[in-house]
$ cat work24.cif   # mmCIF, C-alpha atoms
data_upload
#
loop_
_atom_site.label_atom_id
_atom_site.label_comp_id
_atom_site.auth_asym_id
_atom_site.auth_seq_id
_atom_site.Cartn_x
_atom_site.Cartn_y
_atom_site.Cartn_z
CA MET A 143 3.43 -7.82 -29.78
CA ILE A 144 2.08 -10.25 -27.19
CA GLN A 145 -1.18 -11.92 -28.26
CA ALA A 146 -3.27 -12.50 -25.13
CA ALA A 147 -6.54 -14.04 -24.03
CA ILE A 148 -8.47 -12.75 -21.04
CA LEU A 149 -10.57 -14.91 -18.71
CA GLY A 150 -13.49 -13.16 -17.01
CA LEU A 151 -15.54 -10.28 -18.39
CA GLY A 152 -16.69 -8.64 -15.17
CA TRP A 153 -16.01 -5.04 -14.19
CA TRP A 154 -12.26 -5.44 -14.04
CA GLY A 155 -11.88 -7.70 -17.06
CA LYS A 156 -13.65 -5.09 -19.17
CA THR A 157 -11.52 -2.33 -17.63
CA ILE A 158 -8.38 -4.19 -18.73
CA ILE A 159 -9.75 -4.60 -22.27
CA ARG A 160 -10.51 -0.89 -22.53
CA ARG A 161 -7.08 0.11 -21.21
CA MET A 162 -5.18 -2.21 -23.56
CA ALA A 163 -7.19 -1.41 -26.70
CA THR A 164 -4.49 0.83 -28.19
CA SER A 165 -1.40 -0.83 -26.73
CA ASP A 166 1.42 -1.63 -29.14
CA ARG A 167 2.93 -4.21 -26.73
CA LEU A 168 0.05 -6.48 -25.74
CA ARG A 169 -3.13 -7.14 -27.73
CA ILE A 170 -6.14 -8.98 -26.29
CA VAL A 171 -7.49 -11.12 -29.11
CA THR A 172 -9.71 -13.62 -27.28
CA ALA A 173 -11.99 -13.48 -24.24
CA VAL A 174 -13.34 -16.38 -22.20
CA ASP A 175 -16.45 -16.22 -20.05
CA VAL A 176 -18.76 -18.95 -18.78
CA ASN A 177 -21.75 -16.72 -19.53
CA PRO A 178 -20.95 -15.16 -22.90
CA GLU A 179 -24.30 -13.73 -24.00
CA PRO A 180 -24.20 -10.43 -22.01
CA HIS A 181 -20.73 -9.65 -23.40
CA ARG A 182 -21.05 -10.27 -27.13
CA GLU A 183 -21.58 -6.65 -28.14
CA PHE A 184 -18.81 -5.44 -25.83
CA VAL A 185 -16.11 -7.72 -27.24
CA LYS A 186 -17.35 -7.12 -30.80
CA ASP A 187 -16.59 -3.42 -30.38
CA PHE A 188 -12.95 -4.33 -29.66
CA GLY A 189 -12.62 -7.00 -32.34
CA ILE A 190 -12.14 -9.72 -29.73
CA ARG A 191 -13.19 -13.33 -30.26
CA LEU A 192 -15.43 -14.76 -27.52
CA THR A 193 -15.42 -18.34 -26.27
CA THR A 194 -16.46 -20.34 -23.23
CA SER A 195 -13.48 -22.73 -23.38
CA TYR A 196 -10.25 -22.13 -21.48
CA ASP A 197 -8.85 -25.37 -22.93
CA GLU A 198 -9.39 -23.96 -26.41
CA VAL A 199 -7.29 -20.94 -25.49
CA LEU A 200 -4.53 -23.05 -23.95
CA ASP A 201 -4.34 -25.20 -27.09
CA ASP A 202 -4.19 -22.17 -29.40
CA PRO A 203 -0.60 -21.65 -30.65
CA GLY A 204 -1.48 -18.06 -31.53
CA ILE A 205 -2.02 -17.13 -27.87
CA ASP A 206 1.17 -16.13 -26.04
CA ALA A 207 -0.31 -15.19 -22.66
CA VAL A 208 -3.45 -15.37 -20.56
CA ILE A 209 -4.86 -12.67 -18.29
CA LEU A 210 -6.90 -13.98 -15.36
CA ALA A 211 -9.73 -11.76 -14.08
CA THR A 212 -11.61 -14.63 -12.48
CA PRO A 213 -12.83 -15.54 -8.96
CA ASN A 214 -9.97 -15.86 -6.48
CA SER A 215 -10.21 -19.61 -5.84
CA LEU A 216 -9.80 -20.39 -9.55
CA HIS A 217 -6.45 -18.65 -9.94
CA VAL A 218 -4.18 -21.48 -8.84
CA ARG A 219 -5.41 -24.16 -11.22
CA GLN A 220 -5.73 -21.63 -14.06
CA VAL A 221 -2.14 -20.42 -13.54
CA VAL A 222 -0.79 -23.97 -13.34
CA ALA A 223 -2.75 -25.03 -16.44
CA ALA A 224 -1.44 -22.07 -18.44
CA ALA A 225 2.15 -22.69 -17.38
CA GLY A 226 1.76 -26.33 -18.34
CA LYS A 227 0.91 -25.23 -21.88
CA GLY A 228 3.80 -22.75 -22.06
CA LYS A 229 1.59 -19.66 -21.78
CA HIS A 230 2.75 -16.59 -19.87
CA VAL A 231 0.32 -15.58 -17.12
CA PHE A 232 -0.90 -12.25 -15.82
CA CYS A 233 -3.08 -12.95 -12.78
CA GLU A 234 -5.29 -10.43 -11.05
CA LYS A 235 -4.74 -10.23 -7.33
CA PRO A 236 -4.73 -12.22 -5.19
CA LEU A 237 -2.50 -14.79 -6.84
CA ALA A 238 -3.80 -17.38 -4.36
CA LEU A 239 -5.46 -17.64 -0.95
CA SER A 240 -2.68 -19.57 0.79
CA ARG A 241 1.09 -19.37 0.79
CA ALA A 242 1.36 -23.00 -0.32
CA ASP A 243 -0.76 -22.30 -3.39
CA ALA A 244 1.23 -19.14 -4.20
CA VAL A 245 4.40 -21.24 -4.10
CA ARG A 246 2.72 -23.75 -6.41
CA CYS A 247 1.93 -21.00 -8.94
CA VAL A 248 5.41 -19.51 -8.83
CA GLU A 249 7.13 -22.88 -9.14
CA ALA A 250 4.89 -23.95 -12.05
CA CYS A 251 5.78 -20.79 -13.98
CA ARG A 252 9.47 -21.09 -13.15
CA ALA A 253 9.54 -24.73 -14.29
CA ALA A 254 7.81 -23.82 -17.56
CA GLY A 255 10.02 -20.79 -18.15
CA VAL A 256 7.04 -18.43 -18.42
CA MET A 257 6.49 -15.01 -16.91
CA LEU A 258 4.04 -14.53 -14.02
CA GLY A 259 2.62 -11.01 -13.69
CA ILE A 260 0.32 -9.75 -10.93
CA GLY A 261 -2.38 -7.06 -11.03
CA HIS A 262 -0.80 -4.64 -8.56
CA GLU A 263 -1.15 -1.56 -10.74
CA ARG A 264 -0.70 0.86 -7.85
CA ARG A 265 3.07 0.28 -8.05
CA TYR A 266 2.96 2.19 -11.33
CA GLU A 267 1.32 5.36 -10.03
CA PRO A 268 3.81 8.26 -10.34
CA ALA A 269 3.21 9.48 -6.78
CA MET A 270 3.70 5.99 -5.34
CA MET A 271 6.87 5.61 -7.40
CA GLU A 272 8.15 8.81 -5.81
CA VAL A 273 7.42 7.42 -2.34
CA GLU A 274 9.46 4.37 -3.28
CA ARG A 275 12.35 6.58 -4.44
CA LEU A 276 12.30 8.57 -1.18
CA VAL A 277 12.36 5.38 0.90
CA ARG A 278 15.11 3.79 -1.20
CA ASP A 279 17.26 6.94 -1.10
CA GLY A 280 16.93 7.23 2.70
CA ALA A 281 15.36 10.66 2.40
CA LEU A 282 12.88 9.88 5.20
CA GLY A 283 15.54 8.60 7.61
CA THR A 284 14.79 5.45 9.59
CA ILE A 285 11.36 4.11 8.68
CA MET A 286 9.22 4.18 11.80
CA HIS A 287 5.67 3.41 10.70
CA ALA A 288 3.31 3.49 7.72
CA GLU A 289 -0.45 3.93 7.40
CA ALA A 290 -2.59 3.25 4.36
CA ASN A 291 -6.24 3.22 3.40
CA PHE A 292 -7.94 1.97 0.24
CA SER A 293 -11.69 2.34 0.61
CA HIS A 294 -14.60 2.85 -1.78
CA ASP A 295 -18.22 1.92 -2.47
CA LYS A 296 -17.83 0.50 -5.99
CA LEU A 297 -18.92 -2.98 -4.88
CA VAL A 298 -21.93 -2.13 -2.72
CA ASP A 299 -24.41 -3.38 -5.33
CA VAL A 300 -22.75 -6.77 -5.78
CA PRO A 301 -25.36 -9.44 -4.88
CA GLN A 302 -24.93 -11.60 -1.78
CA THR A 303 -24.49 -14.65 -4.03
CA ASP A 304 -21.45 -13.13 -5.76
CA TRP A 305 -17.99 -14.54 -4.98
CA ARG A 306 -16.89 -11.14 -3.70
CA ARG A 307 -19.28 -11.59 -0.75
CA SER A 308 -17.98 -15.06 0.10
CA ALA A 309 -15.84 -15.59 3.19
CA LYS A 310 -14.14 -18.47 1.37
CA GLU A 311 -13.48 -16.68 -1.93
CA SER A 312 -12.81 -13.21 -0.49
CA PRO A 313 -11.82 -13.54 3.18
CA ALA A 314 -11.48 -10.63 5.60
CA ALA A 315 -13.92 -8.17 4.00
CA GLY A 316 -12.09 -5.88 1.54
CA MET A 317 -8.69 -7.51 2.00
CA THR A 318 -8.58 -9.36 -1.33
CA ALA A 319 -10.18 -6.46 -3.23
CA MET A 320 -8.22 -3.50 -1.83
CA GLY A 321 -6.11 -4.33 1.22
CA ILE A 322 -3.79 -6.64 -0.70
CA HIS A 323 -2.64 -3.69 -2.84
CA LEU A 324 -1.51 -2.00 0.37
CA THR A 325 0.35 -5.04 1.68
CA ASP A 326 2.07 -5.33 -1.72
CA ALA A 327 3.24 -1.72 -1.36
CA PHE A 328 4.37 -2.33 2.23
CA ILE A 329 6.36 -5.44 1.26
CA ASN A 330 7.95 -3.62 -1.66
CA LEU A 331 9.05 -0.73 0.56
CA PHE A 332 9.78 -2.35 3.91
CA GLY A 333 10.46 -6.04 3.32
CA ASN A 334 9.01 -9.11 4.99
CA VAL A 335 6.17 -8.96 7.51
CA GLU A 336 6.74 -10.75 10.80
CA SER A 337 3.20 -10.78 12.22
CA VAL A 338 -0.27 -9.30 11.81
CA PHE A 339 -3.31 -8.57 13.94
CA ALA A 340 -6.55 -8.12 12.00
CA SER A 341 -10.11 -7.20 12.83
CA THR A 342 -13.21 -7.11 10.63
CA ALA A 343 -16.67 -5.64 11.02
CA ASN A 344 -19.99 -6.12 9.23
CA ARG A 345 -21.74 -2.76 9.42
CA VAL A 346 -23.96 -2.47 6.34
CA LEU A 347 -23.51 -5.20 3.73
CA LYS A 348 -24.26 -8.12 6.09
CA SER A 349 -22.35 -10.45 3.80
CA GLU A 350 -20.33 -13.47 4.89
CA ASN A 351 -17.00 -11.68 4.81
CA GLY A 352 -17.94 -8.27 6.27
CA ASP A 353 -17.37 -4.75 4.99
CA VAL A 354 -14.49 -3.36 7.09
CA VAL A 355 -11.01 -4.76 7.68
CA SER A 356 -8.25 -3.18 9.77
CA VAL A 357 -4.78 -4.68 10.15
CA LEU A 358 -1.75 -3.94 12.30
CA LEU A 359 1.54 -5.24 10.86
CA LYS A 360 5.02 -5.67 12.29
CA PHE A 361 7.95 -6.02 9.89
CA ALA A 362 11.09 -8.07 10.34
CA SER A 363 12.96 -4.75 10.29
CA GLY A 364 11.12 -3.62 13.42
CA ALA A 365 8.95 -1.03 11.65
CA THR A 366 5.16 -1.14 12.05
CA ALA A 367 2.20 -0.34 9.82
CA TYR A 368 -1.58 -0.08 9.78
CA LEU A 369 -4.04 -0.53 6.92
CA ASN A 370 -7.77 -0.21 6.49
CA ALA A 371 -10.16 -1.12 3.68
CA THR A 372 -13.83 -0.20 3.92
CA LEU A 373 -16.35 -1.39 1.33
CA VAL A 374 -19.13 1.10 2.09
CA THR A 375 -17.82 4.66 1.99
CA PRO A 376 -16.97 7.26 -0.66
CA ILE A 377 -13.60 6.79 -2.34
CA TYR A 378 -10.66 7.34 0.02
CA LEU A 379 -7.07 6.45 -0.87
CA ARG A 380 -4.19 7.49 1.39
CA PHE A 381 -0.67 6.18 1.84
CA THR A 382 1.68 7.64 4.47
CA VAL A 383 5.21 6.72 5.50
CA PHE A 384 6.67 8.16 8.71
CA GLY A 385 10.45 8.38 8.93
CA SER A 386 12.74 9.79 11.60
CA ASP A 387 13.69 12.71 9.32
CA ALA A 388 10.49 13.28 7.33
CA TRP A 389 7.09 11.90 6.48
CA VAL A 390 5.47 11.58 3.07
CA GLU A 391 1.80 11.16 2.20
CA VAL A 392 -0.05 10.44 -1.04
CA ARG A 393 -3.75 11.20 -1.44
CA ASN A 394 -5.54 9.99 -4.58
CA GLU A 395 -8.60 11.69 -6.00
CA THR A 396 -9.91 8.59 -7.73
CA HIS A 397 -9.80 4.81 -7.97
CA PRO A 398 -7.25 3.49 -10.51
CA ASP A 399 -10.14 2.82 -12.93
CA THR A 400 -10.87 6.56 -13.23
CA VAL A 401 -8.81 9.55 -14.38
CA GLY A 402 -7.77 11.74 -11.43
CA SER A 403 -4.69 13.34 -9.90
CA ALA A 404 -2.74 12.46 -6.77
CA THR A 405 -1.21 14.86 -4.26
CA LEU A 406 2.08 14.08 -2.54
CA THR A 407 3.12 15.96 0.59
CA LEU A 408 6.65 15.68 1.96
CA GLN A 409 7.18 17.13 5.43
CA PRO A 410 10.82 17.27 6.57
CA ALA A 411 11.74 17.65 10.23
CA LYS A 412 12.95 21.16 9.45
CA GLY A 413 11.34 23.37 6.88
CA GLU A 414 8.02 23.83 5.13
CA PRO A 415 5.99 21.01 3.59
CA GLN A 416 6.63 20.31 -0.09
CA VAL A 417 3.45 19.61 -2.06
CA ARG A 418 3.37 18.15 -5.57
CA VAL A 419 0.39 17.20 -7.70
CA TYR A 420 0.84 14.27 -10.08
CA ASP A 421 -1.31 13.92 -13.17
CA TRP A 422 -3.11 10.64 -13.71
CA ALA A 423 -1.18 7.88 -15.45
CA ASP A 424 -2.65 4.63 -16.80
CA SER A 425 -1.15 2.31 -14.18
CA VAL A 426 -3.21 -0.69 -15.35
CA ARG A 427 -1.75 -0.43 -18.85
CA ALA A 428 1.73 0.29 -17.46
CA ASN A 429 1.68 -2.93 -15.44
CA LEU A 430 0.55 -5.06 -18.38
CA GLU A 431 3.02 -3.46 -20.77
CA THR A 432 5.85 -4.00 -18.27
CA PHE A 433 4.73 -7.64 -18.13
CA ALA A 434 4.90 -7.77 -21.94
CA GLU A 435 8.41 -6.29 -21.93
CA ALA A 436 9.47 -8.89 -19.36
CA VAL A 437 8.04 -11.66 -21.53
CA HIS A 438 10.30 -10.45 -24.34
CA GLY A 439 13.28 -10.26 -21.97
CA ARG A 440 13.69 -6.54 -22.54
CA ALA A 441 13.17 -5.51 -18.90
CA PRO A 442 12.79 -7.27 -15.54
CA TYR A 443 9.33 -7.58 -14.02
CA PRO A 444 9.49 -5.53 -10.80
CA ILE A 445 7.29 -7.73 -8.60
CA THR A 446 9.64 -10.53 -7.60
CA ASP A 447 8.60 -14.13 -7.04
CA GLU A 448 9.55 -13.73 -3.37
CA GLN A 449 7.25 -10.72 -3.05
CA LYS A 450 4.40 -12.58 -4.77
CA ILE A 451 4.68 -15.38 -2.22
CA GLU A 452 5.19 -13.05 0.75
CA ASN A 453 2.06 -11.06 -0.05
CA ILE A 454 -0.10 -14.19 -0.07
CA ALA A 455 1.54 -15.39 3.15
CA VAL A 456 0.48 -12.06 4.68
CA LEU A 457 -3.05 -12.43 3.27
CA GLU A 458 -3.31 -15.89 4.77
CA ALA A 459 -2.15 -14.59 8.16
CA VAL A 460 -4.61 -11.68 8.00
CA SER A 461 -7.48 -14.06 7.22
CA ARG A 462 -6.54 -16.33 10.12
CA SER A 463 -6.15 -13.41 12.51
CA ALA A 464 -9.53 -11.94 11.55
CA GLU A 465 -11.13 -15.34 12.08
CA THR A 466 -9.48 -16.12 15.43
CA GLY A 467 -9.11 -12.66 16.93
CA ASN A 468 -5.43 -13.35 17.65
CA ALA A 469 -2.14 -12.00 16.34
CA VAL A 470 -0.71 -14.41 13.75
CA ALA A 471 2.88 -14.94 12.64
CA VAL A 472 3.44 -14.89 8.86
CA GLU A 473 4.40 -18.32 7.55
CA ARG A 474 7.88 -18.75 6.17
CA SER A 475 7.72 -22.28 4.76
CA ALA A 476 5.46 -24.05 2.27
#
$ encode --input "work24.cif" --output "structure tokens"
Amino acid sequence: MIQAAILGLGWWGKTIIRRMATSDRLRIVTAVDVNPEPHREFVKDFGIRLTTSYDEVLDDPGIDAVILATPNSLHVRQVVAAAGKGKHVFCEKPLALSRADAVRCVEACRAAGVMLGIGHERRYEPAMMEVERLVRDGALGTIMHAEANFSHDKLVDVPQTDWRRSAKESPAAGMTAMGIHLTDAFINLFGNVESVFASTANRVLKSENGDVVSVLLKFASGATAYLNATLVTPIYLRFTVFGSDAWVEVRNETHPDTVGSATLTLQPAKGEPQVRVYDWADSVRANLETFAEAVHGRAPYPITDEQKIENIAVLEAVSRSAETGNAVAVERSA
């Protein structure tokens, strides 16, 4: 059993605590928050100790791993500090805001011999796993194009002073909150991204970073893709891959924080569409428990270090493209 501490008791930090409450692979025993008072009753219900000191956690020999659910710009130094103390790290996305910092995180964990997990729980959704199988098996033929959308209105009431509204902390509107899940899926399925062209809009929220982001991507393989993330609209999750022999689409009923099914449609070039409904699975818990298994050396962690770095290189290129209005090549060196 991995004994873990979690940093950050916002919406997602509390979601992680709830999901892991009955896990027999990873137990959250300590929580860290700079403003502890609003969270005392919550952590008490789960038997979790509450502190304001990250250093205290890092010096605790009873803590095997830390889970970071903190503002984006804090991730790098928190990852490096944990690795320096021999703690395994599970970091919520994004790992960093620049490729150079992602490399720094990966290299620090490699040097310390600790595992680095990332909060891309959508890889563990059964319907998305089936899309991966179809792509890997060549069932779609040559991959031509992909389109994905991850939009919702869960963050509309976040105040303008919150880090999620900051162009520095959360560049390119919903890219760090939702879009980065889609680029992770693209990279996993189609490999490295060659270039991106991104555009943002500020329709309703009037925050620094905007509320709509749209991105065109070109892969080294020659395939193309499009993604959109909108911060002010009812929940809409769609992921479609177009191949020369068939296309496949997944539509989710709910955000990963809520129970709901997903519908997969496979349309071959010849024949009727095949429709399957997948029951909800706890993808947040699955990701963290896979991380725990990897810590013990019982199974590999599926998000490779190369993919971790590539995804942040893409994020950095998207941010630069949205700022400049130009297509941007994805960086390949630190």
$ closest_residue --input "work24.cif" --among "A:Glu473, A:Asp387, A:Asp187, A:Glu234" --to "Leu216 of chain A" --atoms "all atoms listed in the file"
A:Glu234
$ resolve_selection --input "work24.cif" --expression "the PyMOL selection byres ((chain A and resi 451-455) around 9)" --output "PyMOL selection string"
chain A and resi 236-245+248+322+325-326+329+334-335+446-450+456-460+472-474
$ resolve_selection --input "work24.cif" --expression "the PyMOL selection byres ((chain A and resi 433) around 12)" --output "PyMOL selection string"
chain A and resi 143-144+146+167-168+207-209+230-233+256-263+426-432+434-446
$ closest_residue --input "work24.cif" --among "A:Ser215, A:Asn291, A:Ser195, A:Asn370" --to "Val392 of chain A" --atoms "all atoms listed in the file"
A:Asn291
$ resolve_selection --input "work24.cif" --expression "the PyMOL selection byres ((chain A and resi 199) around 10)" --output "list in words"
Ala146, Ala147, Ile148, Leu149, Thr172, Ala173, Val174, Thr193, Thr194, Ser195, Tyr196, Asp197, Glu198, Leu200, Asp201, Asp202, Pro203, Gly204, Ile205, Asp206, Ala207, Val208, Ala224, Lys227 and Lys229 of chain A
$ write_last_selection --input "work24.cif" --atoms "C-alpha atoms" --output "compact mmCIF listing (two decimals), in the coordinates of the input"
# COMPACT_ATOMS: atom_id res chain seq x y z
CA ALA A 146 -3.27 -12.50 -25.13
CA ALA A 147 -6.54 -14.04 -24.03
CA ILE A 148 -8.47 -12.75 -21.04
CA LEU A 149 -10.57 -14.91 -18.71
CA THR A 172 -9.71 -13.62 -27.28
CA ALA A 173 -11.99 -13.48 -24.24
CA VAL A 174 -13.34 -16.38 -22.20
CA THR A 193 -15.42 -18.34 -26.27
CA THR A 194 -16.46 -20.34 -23.23
CA SER A 195 -13.48 -22.73 -23.38
CA TYR A 196 -10.25 -22.13 -21.48
CA ASP A 197 -8.85 -25.37 -22.93
CA GLU A 198 -9.39 -23.96 -26.41
CA LEU A 200 -4.53 -23.05 -23.95
CA ASP A 201 -4.34 -25.20 -27.09
CA ASP A 202 -4.19 -22.17 -29.40
CA PRO A 203 -0.60 -21.65 -30.65
CA GLY A 204 -1.48 -18.06 -31.53
CA ILE A 205 -2.02 -17.13 -27.87
CA ASP A 206 1.17 -16.13 -26.04
CA ALA A 207 -0.31 -15.19 -22.66
CA VAL A 208 -3.45 -15.37 -20.56
CA ALA A 224 -1.44 -22.07 -18.44
CA LYS A 227 0.91 -25.23 -21.88
CA LYS A 229 1.59 -19.66 -21.78
$ closest_residue --input "work24.cif" --among "A:Arg219, A:Arg393, A:Arg265, A:Lys235" --to "Arg418 of chain A" --atoms "only C-alpha atoms"
A:Arg393
$ closest_residue --input "work24.cif" --among "A:Ala281, A:Leu379, A:Ala343, A:Leu276" --to "Met320 of chain A" --atoms "only C-alpha atoms"
A:Leu379
$ axis_aligned_box --input "work24.cif" --around "segment 415-421 of chain A" --padding-each-side "3 Å" --output "JSON"
{"center_x": 2.7, "center_y": 17.5, "center_z": -4.8, "size_x": 13.9, "size_y": 13.1, "size_z": 22.8}
$ atom_distance --input "work24.cif" --atom1 "atom CA of Trp389 of chain A" --atom2 "atom CA of Gln416 of chain A"
10.7 Å
$ atom_distance --input "work24.cif" --atom1 "atom CA of Ser349 of chain A" --atom2 "atom CA of His397 of chain A"
23.0 Å
$ residues_around --input "work24.cif" --residues "Ala309 of chain A" --least-positions-apart "4" --cutoff "9 Å" --atoms "only C-alpha atoms" --output "PyMOL selection string"
chain A and resi 305+313-315+349-352
$ write_last_selection --input "work24.cif" --atoms "C-alpha atoms" --output "PDB file, in the coordinates of the input"
ATOM      1  CA  TRP A 305     -17.990 -14.540  -4.980  1.00  0.00           C
ATOM      2  CA  PRO A 313     -11.820 -13.540   3.180  1.00  0.00           C
ATOM      3  CA  ALA A 314     -11.480 -10.630   5.600  1.00  0.00           C
ATOM      4  CA  ALA A 315     -13.920  -8.170   4.000  1.00  0.00           C
ATOM      5  CA  SER A 349     -22.350 -10.450   3.800  1.00  0.00           C
ATOM      6  CA  GLU A 350     -20.330 -13.470   4.890  1.00  0.00           C
ATOM      7  CA  ASN A 351     -17.000 -11.680   4.810  1.00  0.00           C
ATOM      8  CA  GLY A 352     -17.940  -8.270   6.270  1.00  0.00           C
TER       9      GLY A 352
END
$ residues_near_point --input "work24.cif" --point "(1.6, 8.5, 1.2)" --cutoff "7 Å" --atoms "all atoms listed in the file" --output "JSON, numbers by chain"
{"A": [273, 380, 381, 382, 383, 390, 391, 392, 393, 406]}
$ atom_distance --input "work24.cif" --atom1 "atom CA of Ala254 of chain A" --atom2 "atom CA of Gln145 of chain A"
18.4 Å
$ closest_residue --input "work24.cif" --among "A:Ser341, A:Thr284, A:Thr466, A:Thr366" --to "Gly385 of chain A" --atoms "all atoms listed in the file"
A:Thr284
$ residues_around --input "work24.cif" --residues "Gln302 of chain A" --least-positions-apart "2" --cutoff "10 Å" --atoms "all atoms listed in the file" --output "number ranges by chain"
A: 298-300, 304-308, 347-350
$ closest_residue --input "work24.cif" --among "A:Val417, A:Arg169, A:His287, A:Arg345" --to "Gly364 of chain A" --atoms "only C-alpha atoms"
A:His287
$ residues_around --input "work24.cif" --residues "Glu274 of chain A" --least-positions-apart "6" --cutoff "9 Å" --atoms "only C-alpha atoms" --output "PyMOL selection string"
chain A and resi 265+327+330-331
$ residues_around --input "work24.cif" --residues "Ser356 of chain A" --least-positions-apart "4" --cutoff "8 Å" --atoms "all atoms listed in the file" --output "ChimeraX atom specification"
/A:340-342,368-371
$ build_atoms --input "work24.cif" --residues "segment 266-285 of chain A" --atoms "N, CA and C atoms" --output "mmCIF file, keeping the file's coordinate frame"
data_model
loop_
_atom_site.group_PDB
_atom_site.id
_atom_site.type_symbol
_atom_site.label_atom_id
_atom_site.label_comp_id
_atom_site.auth_asym_id
_atom_site.auth_seq_id
_atom_site.Cartn_x
_atom_site.Cartn_y
_atom_site.Cartn_z
ATOM 1 N N TYR A 266 2.610 1.406 -10.154
ATOM 2 C CA TYR A 266 2.960 2.190 -11.330
ATOM 3 C C TYR A 266 2.398 3.606 -11.289
ATOM 4 N N GLU A 267 1.785 3.984 -10.182
ATOM 5 C CA GLU A 267 1.320 5.360 -10.030
ATOM 6 C C GLU A 267 2.520 6.271 -9.778
ATOM 7 N N PRO A 268 2.633 7.391 -10.498
ATOM 8 C CA PRO A 268 3.810 8.260 -10.340
ATOM 9 C C PRO A 268 4.053 8.707 -8.900
ATOM 10 N N ALA A 269 3.012 9.032 -8.164
ATOM 11 C CA ALA A 269 3.210 9.480 -6.780
ATOM 12 C C ALA A 269 3.738 8.345 -5.906
ATOM 13 N N MET A 270 3.214 7.136 -6.109
ATOM 14 C CA MET A 270 3.700 5.990 -5.340
ATOM 15 C C MET A 270 5.136 5.638 -5.724
ATOM 16 N N MET A 271 5.494 5.842 -6.970
ATOM 17 C CA MET A 271 6.870 5.610 -7.400
ATOM 18 C C MET A 271 7.817 6.616 -6.742
ATOM 19 N N GLU A 272 7.338 7.819 -6.514
ATOM 20 C CA GLU A 272 8.150 8.810 -5.810
ATOM 21 C C GLU A 272 8.321 8.439 -4.345
ATOM 22 N N VAL A 273 7.280 7.908 -3.719
ATOM 23 C CA VAL A 273 7.420 7.420 -2.340
ATOM 24 C C VAL A 273 8.487 6.330 -2.288
ATOM 25 N N GLU A 274 8.453 5.430 -3.242
ATOM 26 C CA GLU A 274 9.460 4.370 -3.280
ATOM 27 C C GLU A 274 10.869 4.953 -3.407
ATOM 28 N N ARG A 275 11.025 5.958 -4.263
ATOM 29 C CA ARG A 275 12.350 6.580 -4.440
ATOM 30 C C ARG A 275 12.821 7.214 -3.128
ATOM 31 N N LEU A 276 11.937 7.910 -2.434
ATOM 32 C CA LEU A 276 12.300 8.570 -1.180
ATOM 33 C C LEU A 276 12.727 7.550 -0.126
ATOM 34 N N VAL A 277 12.000 6.433 -0.061
ATOM 35 C CA VAL A 277 12.360 5.380 0.900
ATOM 36 C C VAL A 277 13.697 4.765 0.530
ATOM 37 N N ARG A 278 13.869 4.429 -0.748
ATOM 38 C CA ARG A 278 15.110 3.790 -1.200
ATOM 39 C C ARG A 278 16.324 4.694 -0.986
ATOM 40 N N ASP A 279 16.146 5.994 -1.215
ATOM 41 C CA ASP A 279 17.260 6.940 -1.100
ATOM 42 C C ASP A 279 17.565 7.324 0.351
ATOM 43 N N GLY A 280 16.720 6.882 1.297
ATOM 44 C CA GLY A 280 16.930 7.230 2.700
ATOM 45 C C GLY A 280 16.514 8.638 3.050
ATOM 46 N N ALA A 281 15.728 9.270 2.182
ATOM 47 C CA ALA A 281 15.360 10.660 2.400
ATOM 48 C C ALA A 281 14.442 10.859 3.616
ATOM 49 N N LEU A 282 13.793 9.780 4.050
ATOM 50 C CA LEU A 282 12.880 9.880 5.200
ATOM 51 C C LEU A 282 13.586 9.516 6.506
ATOM 52 N N GLY A 283 14.834 9.079 6.426
ATOM 53 C CA GLY A 283 15.540 8.600 7.610
ATOM 54 C C GLY A 283 15.155 7.158 7.910
ATOM 55 N N THR A 284 15.213 6.788 9.168
ATOM 56 C CA THR A 284 14.790 5.450 9.590
ATOM 57 C C THR A 284 13.270 5.344 9.471
ATOM 58 N N ILE A 285 12.803 4.297 8.821
ATOM 59 C CA ILE A 285 11.360 4.110 8.680
ATOM 60 C C ILE A 285 10.786 3.672 10.023
#
